[in-house]
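File shown: model-v2.cif (mmCIF, C-alpha atoms).
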```
data_coords
#
loop_
_atom_site.label_atom_id
_atom_site.label_comp_id
_atom_site.auth_asym_id
_atom_site.auth_seq_id
_atom_site.Cartn_x
_atom_site.Cartn_y
_atom_site.Cartn_z
CA MET A 37 128.17 -6.23 155.78
CA PRO A 38 125.28 -3.84 156.62
CA ALA A 39 125.17 -0.28 155.29
CA THR A 40 125.32 3.14 156.95
CA VAL A 41 122.97 6.03 156.21
CA VAL A 42 123.86 9.71 156.63
CA VAL A 43 120.77 11.91 156.86
CA GLY A 44 120.11 15.57 157.61
CA THR A 45 117.90 16.20 160.63
CA GLN A 46 116.85 19.81 159.99
CA TRP A 47 116.07 21.75 156.79
CA GLY A 48 119.28 20.86 155.03
CA ASP A 49 122.63 22.67 154.93
CA GLU A 50 123.70 20.88 158.11
CA GLY A 51 127.12 20.04 156.70
CA LYS A 52 126.28 16.51 155.55
CA GLY A 53 128.88 16.65 152.79
CA LYS A 54 131.78 17.00 155.20
CA PHE A 55 130.68 14.19 157.47
CA THR A 56 129.73 11.97 154.56
CA ASP A 57 133.22 12.56 153.23
CA LEU A 58 134.69 11.68 156.62
CA VAL A 59 132.73 8.44 156.96
CA ALA A 60 133.31 7.62 153.29
CA SER A 61 137.00 7.13 153.97
CA GLU A 62 136.02 3.92 155.79
CA MET A 63 133.75 2.68 153.00
CA SER A 64 134.14 0.85 149.72
CA MET A 65 131.05 2.39 148.07
CA VAL A 66 129.04 5.60 148.53
CA VAL A 67 125.52 5.71 147.10
CA ARG A 68 123.46 8.85 146.56
CA TYR A 69 119.84 7.71 146.96
CA GLN A 70 117.52 10.67 146.19
CA GLY A 71 117.25 14.29 145.12
CA GLY A 72 118.94 16.07 142.27
CA HIS A 73 121.31 18.98 141.77
CA ASN A 74 119.14 21.27 143.88
CA ALA A 75 121.22 20.55 146.97
CA GLY A 76 124.94 21.16 146.92
CA HIS A 77 127.57 20.49 149.54
CA THR A 78 131.02 21.90 149.99
CA LEU A 79 134.12 19.99 151.10
CA VAL A 80 137.46 21.53 152.07
CA VAL A 81 140.35 19.08 151.62
CA ASP A 82 143.94 20.21 152.15
CA GLY A 83 142.89 23.78 151.50
CA GLN A 84 141.14 22.84 148.25
CA THR A 85 137.39 23.43 148.02
CA PHE A 86 135.09 21.02 146.21
CA SER A 87 131.46 21.98 145.54
CA LEU A 88 129.43 18.90 144.65
CA GLN A 89 125.82 18.65 143.51
CA LEU A 90 125.27 15.18 142.08
CA VAL A 91 128.47 13.19 142.38
CA PRO A 92 128.65 11.37 145.75
CA SER A 93 131.22 12.60 148.25
CA GLY A 94 133.14 9.33 148.09
CA VAL A 95 134.54 10.33 144.70
CA LEU A 96 137.41 12.04 146.53
CA TYR A 97 138.72 8.64 147.67
CA PRO A 98 140.36 6.44 145.00
CA HIS A 99 139.28 3.25 146.79
CA VAL A 100 135.58 4.23 146.82
CA THR A 101 133.06 3.48 144.07
CA PRO A 102 130.65 6.46 143.89
CA VAL A 103 127.12 5.51 142.80
CA ILE A 104 124.11 7.59 141.77
CA GLY A 105 121.12 5.44 142.68
CA ASN A 106 117.76 4.88 141.07
CA GLY A 107 116.02 7.37 143.37
CA VAL A 108 117.96 10.35 142.02
CA VAL A 109 116.80 12.64 139.21
CA VAL A 110 119.72 13.47 136.94
CA ASP A 111 120.37 16.39 134.64
CA PRO A 112 123.10 14.82 132.46
CA ARG A 113 124.45 18.21 131.45
CA VAL A 114 125.01 19.16 135.08
CA LEU A 115 126.50 15.77 135.88
CA LEU A 116 128.99 15.97 133.02
CA ALA A 117 129.94 19.54 133.94
CA GLU A 118 130.56 18.42 137.52
CA MET A 119 132.68 15.50 136.34
CA ASP A 120 134.70 17.90 134.17
CA MET A 121 135.15 20.26 137.12
CA LEU A 122 136.42 17.42 139.29
CA GLY A 123 138.79 16.40 136.52
CA THR A 124 140.36 19.85 136.42
CA GLN A 125 140.92 19.53 140.19
CA GLY A 126 142.68 16.22 139.80
CA VAL A 127 139.82 13.95 140.83
CA ASP A 128 139.23 10.82 138.73
CA THR A 129 135.54 10.06 138.06
CA ALA A 130 136.09 6.92 135.99
CA LYS A 131 134.62 4.72 138.73
CA LEU A 132 131.36 6.71 138.95
CA ARG A 133 128.30 4.59 138.26
CA VAL A 134 124.80 5.86 137.44
CA SER A 135 121.62 3.81 137.77
CA GLY A 136 119.85 3.10 134.51
CA ASN A 137 116.61 3.40 136.49
CA ALA A 138 117.28 6.98 137.62
CA HIS A 139 115.08 9.56 135.90
CA LEU A 140 116.32 12.36 133.69
CA ILE A 141 115.71 16.06 134.16
CA LEU A 142 114.85 17.57 130.78
CA PRO A 143 115.00 21.26 129.82
CA TYR A 144 111.22 21.59 129.99
CA HIS A 145 111.25 20.45 133.62
CA GLN A 146 113.29 23.51 134.53
CA GLU A 147 111.02 25.79 132.54
CA LEU A 148 107.92 24.34 134.19
CA ASP A 149 109.54 24.65 137.63
CA ALA A 150 110.15 28.37 137.16
CA LEU A 151 106.69 28.98 135.68
CA HIS A 152 104.88 27.15 138.47
CA GLU A 153 106.84 29.03 141.12
CA ARG A 154 106.07 32.36 139.48
CA HIS A 155 102.41 31.41 139.17
CA LEU A 156 102.20 30.78 142.94
CA GLY A 157 103.15 34.40 143.63
CA LYS A 158 103.30 35.14 147.36
CA ASN A 159 102.55 31.48 148.05
CA ARG A 160 105.70 30.34 146.24
CA LEU A 161 107.56 27.41 147.73
CA GLY A 162 111.07 28.73 147.27
CA THR A 163 112.27 26.01 144.92
CA THR A 164 115.68 26.24 143.25
CA LYS A 165 113.99 26.07 139.83
CA ARG A 166 116.30 23.23 138.79
CA GLY A 167 113.44 21.07 137.47
CA ILE A 168 113.50 18.59 140.34
CA GLY A 169 109.80 18.69 141.20
CA PRO A 170 108.50 18.42 137.62
CA ALA A 171 110.92 15.53 136.94
CA TYR A 172 109.62 13.62 139.96
CA ALA A 173 106.05 14.51 138.93
CA ASP A 174 106.62 12.99 135.49
CA ARG A 175 108.02 9.89 137.16
CA ALA A 176 104.87 9.55 139.26
CA MET A 177 102.71 10.15 136.18
CA ARG A 178 104.66 7.40 134.36
CA VAL A 179 105.74 9.71 131.57
CA GLY A 180 109.30 10.14 132.81
CA ILE A 181 112.40 9.34 130.78
CA ARG A 182 115.08 7.27 132.48
CA VAL A 183 118.85 7.26 132.21
CA GLN A 184 118.74 3.87 130.48
CA ASP A 185 116.69 5.42 127.68
CA LEU A 186 119.80 7.30 126.60
CA LEU A 187 121.11 3.93 125.40
CA ASP A 188 118.25 3.44 122.91
CA GLU A 189 117.60 6.33 120.52
CA LYS A 190 114.30 4.93 119.28
CA ILE A 191 112.91 4.51 122.79
CA PHE A 192 114.21 7.91 123.90
CA ARG A 193 112.55 9.73 121.01
CA LYS A 194 109.31 7.80 121.47
CA LYS A 195 109.11 8.60 125.19
CA LEU A 196 110.12 12.21 124.61
CA GLY A 197 107.38 12.63 122.04
CA ALA A 198 104.78 11.17 124.40
CA ALA A 199 105.88 13.43 127.24
CA LEU A 200 105.88 16.55 125.08
CA GLU A 201 102.41 15.87 123.78
CA HIS A 202 101.12 16.88 127.21
CA THR A 203 103.89 19.26 128.27
CA ASN A 204 103.67 21.44 125.17
CA LYS A 205 99.94 21.88 125.70
CA VAL A 206 100.64 23.13 129.20
CA LEU A 207 103.39 25.46 128.03
CA THR A 208 101.43 26.96 125.13
CA ARG A 209 97.87 26.99 126.48
CA VAL A 210 98.39 27.62 130.17
CA PHE A 211 101.57 29.70 130.26
CA ASN A 212 101.50 31.17 126.72
CA ARG A 213 105.01 29.87 126.00
CA LEU A 214 106.57 28.45 122.88
CA PRO A 215 106.47 24.65 122.51
CA VAL A 216 109.59 22.61 123.22
CA ASN A 217 111.41 21.22 120.22
CA ALA A 218 111.92 17.47 120.61
CA ASP A 219 114.71 17.29 118.02
CA GLU A 220 116.80 19.88 119.85
CA ILE A 221 116.55 17.96 123.10
CA ALA A 222 117.30 14.65 121.40
CA GLU A 223 120.34 16.12 119.67
CA GLU A 224 121.81 17.38 122.94
CA TYR A 225 120.94 14.39 125.12
CA LEU A 226 121.60 11.62 122.58
CA GLY A 227 124.35 13.29 120.58
CA THR A 228 126.33 15.01 123.33
CA CYS A 229 125.44 13.50 126.71
CA ALA A 230 124.80 9.82 125.94
CA PRO A 231 128.23 8.95 124.49
CA ARG A 232 130.01 10.32 127.54
CA LEU A 233 127.63 8.82 130.12
CA THR A 234 127.28 5.36 128.56
CA PRO A 235 130.38 3.89 130.26
CA HIS A 236 128.98 4.94 133.65
CA ILE A 237 125.40 3.61 133.27
CA THR A 238 124.73 0.26 134.92
CA ASP A 239 122.47 -1.87 137.11
CA THR A 240 123.34 -0.19 140.40
CA ILE A 241 120.98 -2.38 142.42
CA GLY A 242 122.96 -5.44 141.38
CA LEU A 243 126.19 -3.51 141.98
CA VAL A 244 125.17 -2.54 145.53
CA HIS A 245 124.03 -6.03 146.48
CA ASP A 246 127.17 -7.62 145.05
CA GLU A 247 129.18 -5.25 147.25
CA LEU A 248 127.13 -6.12 150.33
CA GLU A 249 127.45 -9.83 149.70
CA ALA A 250 131.20 -9.48 149.22
CA GLY A 251 131.47 -7.90 152.67
CA GLY A 252 132.00 -4.35 151.43
CA ARG A 253 131.05 -1.31 153.47
CA ILE A 254 128.43 0.94 151.89
CA LEU A 255 127.45 4.49 152.77
CA LEU A 256 124.05 5.76 151.68
CA GLU A 257 124.00 9.51 151.17
CA GLY A 258 120.85 11.62 150.93
CA ALA A 259 120.34 15.20 149.82
CA GLN A 260 118.24 17.81 151.65
CA ALA A 261 116.99 16.66 155.07
CA THR A 262 114.21 15.30 157.29
CA PHE A 263 112.10 18.46 157.38
CA LEU A 264 112.24 18.78 153.61
CA ASP A 265 110.96 15.22 153.19
CA LEU A 266 107.86 14.95 151.02
CA ASP A 267 105.99 12.96 153.69
CA HIS A 268 107.61 14.00 156.96
CA GLY A 269 108.66 17.59 156.32
CA THR A 270 106.91 20.94 156.68
CA TYR A 271 104.65 20.32 153.68
CA PRO A 272 104.19 21.94 151.17
CA PHE A 273 107.54 23.68 151.76
CA VAL A 274 109.46 20.50 151.06
CA THR A 275 111.38 18.74 148.32
CA SER A 276 109.87 16.19 145.94
CA SER A 277 111.45 13.02 147.33
CA ASN A 278 112.20 11.24 150.61
CA PRO A 279 115.53 12.24 152.20
CA VAL A 280 114.74 10.32 155.42
CA ALA A 281 116.61 7.11 156.14
CA GLY A 282 113.73 5.01 154.84
CA GLY A 283 114.18 6.67 151.45
CA ALA A 284 117.62 5.07 151.25
CA CYS A 285 115.95 1.68 150.83
CA THR A 286 113.81 2.63 147.85
CA GLY A 287 116.37 5.02 146.37
CA ALA A 288 119.24 2.53 146.45
CA GLY A 289 117.31 -0.71 146.04
CA ILE A 290 118.08 -2.35 149.37
CA GLY A 291 115.99 -3.61 152.29
CA PRO A 292 115.81 -2.30 155.88
CA ARG A 293 117.81 -5.24 157.20
CA ASP A 294 120.74 -4.10 155.07
CA ILE A 295 121.14 -0.99 157.27
CA ASP A 296 122.58 -1.05 160.80
CA ARG A 297 123.76 2.53 161.38
CA VAL A 298 121.97 5.85 160.83
CA ILE A 299 123.95 9.02 161.45
CA GLY A 300 121.86 12.16 161.86
CA ILE A 301 123.62 15.42 160.97
CA ALA A 302 122.55 18.47 162.97
CA LYS A 303 123.96 21.97 162.95
CA ALA A 304 124.59 23.58 166.36
CA TYR A 305 121.95 26.08 165.30
CA VAL A 306 119.31 25.87 162.54
CA THR A 307 118.91 27.40 159.10
CA ARG A 308 116.46 26.98 156.28
CA VAL A 309 116.13 28.34 152.74
CA GLY A 310 112.88 29.41 151.16
CA SER A 311 109.43 29.66 152.67
CA GLY A 312 107.81 27.71 155.48
CA PRO A 313 107.42 27.69 159.28
CA PHE A 314 110.51 28.20 161.45
CA PRO A 315 109.71 28.37 165.20
CA THR A 316 113.18 29.48 166.39
CA GLU A 317 113.94 31.89 163.55
CA LEU A 318 116.00 34.94 164.52
CA PHE A 319 115.88 38.44 163.08
CA ASP A 320 118.44 40.00 165.41
CA GLU A 321 122.20 40.34 165.74
CA VAL A 322 122.56 36.71 166.81
CA GLY A 323 120.86 35.61 163.61
CA ASN A 324 123.19 37.82 161.60
CA HIS A 325 126.11 36.31 163.52
CA PHE A 326 125.06 32.80 162.48
CA VAL A 327 124.83 33.88 158.85
CA ASP A 328 128.09 35.84 158.77
CA VAL A 329 130.31 33.53 160.82
CA GLY A 330 128.70 30.35 159.50
CA HIS A 331 128.77 31.60 155.90
CA GLU A 332 125.11 30.69 155.53
CA TYR A 333 124.55 31.17 151.84
CA GLY A 334 123.37 28.47 149.45
CA THR A 335 126.08 26.47 147.67
CA ASN A 336 124.03 26.42 144.47
CA THR A 337 121.87 29.52 144.66
CA GLY A 338 123.83 31.95 146.83
CA ARG A 339 120.64 32.70 148.73
CA ARG A 340 120.94 33.92 152.33
CA ARG A 341 119.69 31.26 154.69
CA ARG A 342 117.23 32.01 157.46
CA PRO A 343 118.92 31.49 160.87
CA GLY A 344 117.61 30.33 164.25
CA TRP A 345 118.48 28.67 167.55
CA LEU A 346 118.87 24.89 167.81
CA ASP A 347 115.48 23.16 168.05
CA THR A 348 115.45 19.84 169.93
CA VAL A 349 111.74 19.34 169.24
CA MET A 350 112.74 18.95 165.60
CA LEU A 351 115.63 16.67 166.54
CA ARG A 352 113.41 14.37 168.61
CA TYR A 353 111.11 13.98 165.62
CA ALA A 354 114.05 13.34 163.31
CA ALA A 355 115.38 10.73 165.72
CA ARG A 356 112.05 8.91 165.56
CA VAL A 357 111.41 8.88 161.83
CA ASN A 358 115.02 8.03 160.96
CA SER A 359 115.79 5.59 163.79
CA LEU A 360 118.96 7.56 164.48
CA SER A 361 121.76 5.59 166.07
CA GLU A 362 123.95 8.66 166.59
CA LEU A 363 124.18 12.41 166.02
CA ALA A 364 126.94 14.41 164.41
CA ILE A 365 126.92 18.08 165.45
CA THR A 366 128.38 20.53 162.96
CA LYS A 367 129.59 24.12 163.25
CA LEU A 368 129.93 24.10 167.02
CA ASP A 369 132.65 26.72 166.54
CA VAL A 370 130.10 29.25 165.20
CA LEU A 371 128.81 29.56 168.80
CA ASP A 372 132.26 30.46 170.16
CA GLN A 373 131.62 34.18 170.59
CA LEU A 374 128.20 33.95 172.24
CA ASP A 375 127.86 34.66 175.97
CA VAL A 376 124.50 32.91 176.17
CA ILE A 377 123.30 30.00 174.05
CA ARG A 378 119.61 29.21 173.80
CA VAL A 379 118.16 25.82 172.93
CA CYS A 380 114.50 25.24 172.14
CA VAL A 381 113.20 22.33 174.24
CA ALA A 382 109.45 22.61 173.60
CA TYR A 383 106.75 24.74 171.95
CA GLU A 384 103.78 26.60 173.37
CA ALA A 385 100.57 27.13 171.41
CA ASP A 386 97.14 28.15 172.68
CA GLY A 387 98.23 27.65 176.28
CA GLN A 388 99.42 24.09 175.61
CA ARG A 389 103.00 22.81 175.82
CA HIS A 390 104.26 20.61 172.96
CA ASP A 391 107.30 18.46 173.68
CA GLN A 392 106.80 16.65 170.37
CA LEU A 393 106.28 18.18 166.96
CA PRO A 394 102.61 19.18 166.42
CA TYR A 395 101.14 17.08 163.61
CA HIS A 396 98.89 19.90 162.37
CA GLN A 397 100.68 22.55 160.34
CA SER A 398 98.36 25.33 161.50
CA VAL A 399 99.57 24.74 165.06
CA LEU A 400 103.21 24.61 163.98
CA HIS A 401 102.86 27.97 162.22
CA ARG A 402 101.83 29.72 165.43
CA VAL A 403 103.92 28.03 168.11
CA THR A 404 106.23 29.97 170.42
CA PRO A 405 109.52 28.28 171.30
CA ILE A 406 110.30 27.47 174.93
CA TYR A 407 114.02 27.93 175.56
CA GLU A 408 116.63 26.77 178.03
CA GLU A 409 119.68 29.01 178.37
CA LEU A 410 123.22 27.72 178.66
CA SER A 411 126.49 29.55 179.19
CA GLY A 412 128.77 30.18 176.24
CA TRP A 413 132.43 29.26 176.34
CA GLY A 414 134.15 32.25 174.73
CA VAL A 415 136.97 30.09 173.40
CA ASP A 416 138.02 29.51 169.79
CA LEU A 417 137.34 25.83 169.12
CA SER A 418 138.79 25.73 165.61
CA ALA A 419 142.16 24.45 166.84
CA VAL A 420 140.73 21.80 169.18
CA THR A 421 141.79 18.30 168.14
CA LYS A 422 140.66 16.22 171.12
CA ARG A 423 137.46 16.08 173.14
CA SER A 424 139.48 16.61 176.32
CA GLN A 425 140.39 20.08 175.01
CA LEU A 426 136.77 21.25 174.90
CA PRO A 427 135.82 23.82 177.54
CA ALA A 428 133.40 22.62 180.21
CA GLU A 429 130.62 24.83 178.84
CA ALA A 430 130.86 23.20 175.40
CA GLU A 431 130.71 19.75 176.99
CA THR A 432 127.65 20.85 178.96
CA TYR A 433 125.99 22.06 175.76
CA LEU A 434 126.62 18.75 173.98
CA ALA A 435 125.45 16.71 176.96
CA PHE A 436 122.28 18.81 177.13
CA VAL A 437 121.52 18.11 173.46
CA GLU A 438 122.11 14.38 173.95
CA ASP A 439 119.75 14.36 176.92
CA GLN A 440 117.05 16.28 175.08
CA VAL A 441 117.15 14.12 171.95
CA GLY A 442 117.95 10.75 173.52
CA VAL A 443 120.60 9.97 170.92
CA PRO A 444 124.35 9.89 171.58
CA ILE A 445 126.66 12.33 169.82
CA GLY A 446 129.37 10.52 167.87
CA MET A 447 131.12 13.36 166.08
CA VAL A 448 131.44 17.14 166.43
CA GLY A 449 132.61 19.62 163.81
CA VAL A 450 134.71 22.59 164.96
CA GLY A 451 135.62 24.09 161.58
CA PRO A 452 135.19 23.66 157.80
CA GLY A 453 138.26 21.50 157.20
CA ARG A 454 138.14 17.72 156.76
CA HIS A 455 140.36 17.32 159.85
CA GLN A 456 138.33 19.65 162.11
CA VAL A 457 136.17 16.90 163.55
CA LEU A 458 136.17 15.39 167.03
CA ARG A 459 135.14 11.75 167.32
CA PHE A 460 133.42 10.76 170.55
CA ALA A 461 133.72 7.26 171.95
CA SER A 462 130.38 5.43 171.88
#
```
Could you rewrite the structure in this file as structure tokens?
Amino acid sequence: MPATVVVGTQWGDEGKGKFTDLVASEMSMVVRYQGGHNAGHTLVVDGQTFSLQLVPSGVLYPHVTPVIGNGVVVDPRVLLAEMDMLGTQGVDTAKLRVSGNAHLILPYHQELDALHERHLGKNRLGTTKRGIGPAYADRAMRVGIRVQDLLDEKIFRKKLGAALEHTNKVLTRVFNRLPVNADEIAEEYLGTCAPRLTPHITDTIGLVHDELEAGGRILLEGAQATFLDLDHGTYPFVTSSNPVAGGACTGAGIGPRDIDRVIGIAKAYVTRVGSGPFPTELFDEVGNHFVDVGHEYGTNTGRRRRPGWLDTVMLRYAARVNSLSELAITKLDVLDQLDVIRVCVAYEADGQRHDQLPYHQSVLHRVTPIYEELSGWGVDLSAVTKRSQLPAEAETYLAFVEDQVGVPIGMVGVGPGRHQVLRFAS
């Protein structure tokens, strides 16, 4: 049975975790296919809050096998801490499986991340300093250490020594830092982490394909979002991997024909964290409203997110590069108190209208959004349980977004709870 992909269509923080959790209830396996613990998501289930960073959302369902795929970079210390946290909340992680081909984040990756960001000064990228970028860089340079290396002490120490031969030169000669001690890392990773992770490490590519061939239903879950994609995002203010739907193939080890549904998650407004262009960014009371009512602070970092109006130019681009089959709109309820709702439908730059995303970043940095205005509804949507209960103005807003993007809306979120979702008939 073909797989489903859930992908963010903006700059992340769209509420993917909640909708992944919702769709996961219908699945037998949930696979995280890229990223690391730099992107967290929060789920509210029966009044209990779960903040996840690495473990796939499906872990909350006993019938689901949660899988961390080969495209993920894993800090084993963070993973084990998250598993312990879930255990204290009554969630069993025994079924969690981790790809032996996934790459490890080592302590020096985090140190390098912070040093590089500091070195960039005013040109900093706004990374979370979790070591994600340096870990992916080592992978590309073929000096990375993989999860499977935890199972072979000799290989682990050999690869660690080779990696540190270069890394310690950078730390000591470029940044005037002390060299990293290989024995200390080996003791922690081999002595503490490996014994606990060993039962979870496996050939996840074989696991995924066995599930597909047995007729199981698989959900592929990405971190971050389309406009943080290394190739398709607002480079260089992006992440170090490919969150787009195509990344699910390489990050989980499946082919395009194994996917038949791609759900794009979009917030009813837009936020982003860190630096980079943001055509619809707001610095007024409406922006503050989005932040305050939408609780727009990073799950991991606590950083205040930058707010802005919904941008359908972005969504049209996301629909193209992800082959979206449907949209899921989150946080519609955050717009409840607004008299007027603005939606960006195009950009203007140098006297020229852009209905599609400009390919050149210099143009994108100076565009002015072109807005359409719609009436607000002034009704609390948090208690709405059926589409028929939506006010006419909310229906008009959703229909307008569908028309602008050319993709049907399949689900709408009207609150943080697992149950506060309206499903639309296709």
Pick from A:Thr348, A:Gln125, A:Gln46, A:Thr270 nearest to Arg308 (chain A), counting only C-alpha atoms: A:Gln46
Could you please determine the separation between CA of Val415 (chain A) and CA of Pro452 (chain A) in Å, to one decimal place? 17.0 Å
Using all atoms listed in the file, the best pick from A:Pro427, A:Pro279, A:Gly291, A:Gly251 as closest to Leu264 (chain A) would be A:Pro279
What is the distance between CA of Leu368 (chain A) and CA of Ala382 (chain A), in Å to one decimal? 21.6 Å
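Within 6 Å of the point (112.4, 12.7, 153.5), counting only C-alpha atoms, the protein and nucleic acid residues come to Thr262, Asp265, Leu266, Asn278, Pro279 and Val280 of chain A.
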Could you tell me, as number ranges by chain, exactly which residues end up selected when the PyMOL selection byres ((chain A and resi 373-379) around 10) is applied to this structure? A: 304-305, 316, 322, 325, 329, 344-349, 369-372, 380-382, 405-416, 433, 436-437, 440
Could you list, as a PyMOL selection string, every residue matched by the PyMOL selection byres ((chain A and resi 204) around 12) in this structure? chain A and resi 144-145+147-148+196-203+205-218
